[in-house]
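The structure under discussion appears below in the form of structure tokens.
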Amino acid sequence: MNLLKHKTYYLIFSFILMIPGIVFIAKDGLKLGIDFTGGSVSTYKVSTANEKDLEEAYTKQQVDVLGINKTGNTITIRTKPIDTTKNASIVKDLKEKDSKLEVSSFETIGPTVGGETTKKAFMSVLISSFAIMLYIAYSFKNIPASYSSLRFGISAIIAMLHDAFIVVGSFAILGHYLKVEIDALFITALLTVIGFSVHDTIVVFDRIRENLNKLPKTLSFAEVANYSLVETLNRSLTTSLTVIITLSSLFVLGGASIRYFVLALLVGILSGTYSSLFTATPILVIWESFAKSGKKKK
């Protein structure tokens, strides 16, 4: 079975998957939660009060309302940072309009903390990507001298960043249509996806490394890579399927507080499964092919 026969089409499809995310990131960017921007978020369970009543209560206290979201009888309102005293005064006014109103949660994060979270989130992705690339390059140093271990590392990182971008792009789309905000849990999900993507890619690459030393030297790199891909295909799909089934169950049956965290993982695992097989390996094969052609010309 020649899976790499259509390697160019696999890469084109990978790029096509990224296009909607590119469009919405360029158009609207990501809808950042208070973990990044700072502010206060209050969640209420209401009986008779509506979004207008809540907004009027905050406006009365001279508090800027940044966003309101209602799901069933639960209303979440995001504002500029307020202290507990002002929040208590607002709740008192709201209970005069709706005696059965309940405060589910109240959280305040300062803009300085939000800025620090943004910086650390970016640095964590950058540092982990660089460290993974170096580790893979070092681990694959015993491949035949005619090949480059650094290409293995860079190919894995490109596929990994592809998965991360798919997740980020998906949430840019969700932010545009459903007003979904990203928070610290989203960064946790993104780093988990990065780890899963690289882990799955290494399984394929490690088999390529073994087969380069085991299979006849008359086989080209593309043939060895294809043989390795076929060998690991069943294992990769089975492993990913078990994770996808678990995450799907959590998404459907889990609580609202983790729903988008689980969704980010689900999108990332689906993308990671595809990219490990049909993005990372084709990139490596095409790169090695160009490198070999260049050596021949010289």
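Residues in the structure tokens are numbered from 1 in each chain, the chains being A, B, ... in the order shown, and ligands are numbered from 1 in the order shown.
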
(message) DSSP on the backbone: which residues in stretch 100-239 of chain A end up as strand (DSSP E)? Give the answer as a PyMOL selection string.
(response) chain A and resi 102-109

List every residue of stretch 91-207 of chain A that has an atom at most 10 Å from any atom of stretch 229-245 of chain A, giving for each one its closest atom pair and the distance in Å to one decimal, counting only C-alpha atoms, sorted by chain and then by ascending residue number, as a tab-separated table.
residue	atom	partner	partner_atom	distance
A:Phe196	CA	A:Ser240	CA	9.6
A:Asp200	CA	A:Ser236	CA	6.9
A:Thr201	CA	A:Ser236	CA	9.3
A:Val203	CA	A:Thr232	CA	7.5
A:Val204	CA	A:Leu229	CA	6.2
A:Phe205	CA	A:Leu229	CA	8.7
A:Arg207	CA	A:Thr232	CA	7.8

Would you export the selected residues with C-alpha atoms as a short mmCIF file (atom, residue, chain, number, x, y, z; two decimals), in the first residue's frame, please?
data_model
loop_
_atom_site.label_atom_id
_atom_site.label_comp_id
_atom_site.auth_asym_id
_atom_site.auth_seq_id
_atom_site.Cartn_x
_atom_site.Cartn_y
_atom_site.Cartn_z
CA PHE A 196 0.24 14.32 21.79
CA ASP A 200 2.44 10.30 17.67
CA THR A 201 4.92 11.67 15.12
CA VAL A 203 6.31 6.74 16.81
CA VAL A 204 6.32 6.95 12.99
CA PHE A 205 9.77 8.58 12.80
CA ARG A 207 10.06 3.22 12.91
#

(request) Could you jot down the atom CA of A:Thr74 to atom CA of A:Lys92 separation for me, Å, one decimal place? (result)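 About the pair atom CA of A:Thr74 and atom CA of A:Lys92: they are 17.8 Å apart.
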
(message) Considering only C-alpha atoms, can you say which of A:Thr37, A:Thr118, A:Thr79, A:Ser197 comes closest to A:Leu161?
(response)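 Among A:Thr37, A:Thr118, A:Thr79, A:Ser197, it is A:Ser197 that comes nearest to A:Leu161.
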
(message) So that I can check the surroundings of A:Glu56, please list as a list in words every protein, DNA and RNA residue that reaches within 10 Å of it, counting only C-alpha atoms and ignoring chain neighbours fewer than 6 positions away.
(response) Gln62, Val63, Val65, Ile90, Asp93 and Leu94 of chain A

(message) From a backbone DSSP assignment, name each residue in stretch 7-55 of chain A labelled helix (DSSP H, G or I), as JSON, numbers by chain.
(response) {"A": [7, 8, 9, 10, 11, 12, 13, 14, 15, 16, 17, 18, 19, 20, 21, 22, 23, 24, 25, 26, 27, 34, 35, 36, 37, 51, 52, 53, 54, 55]}
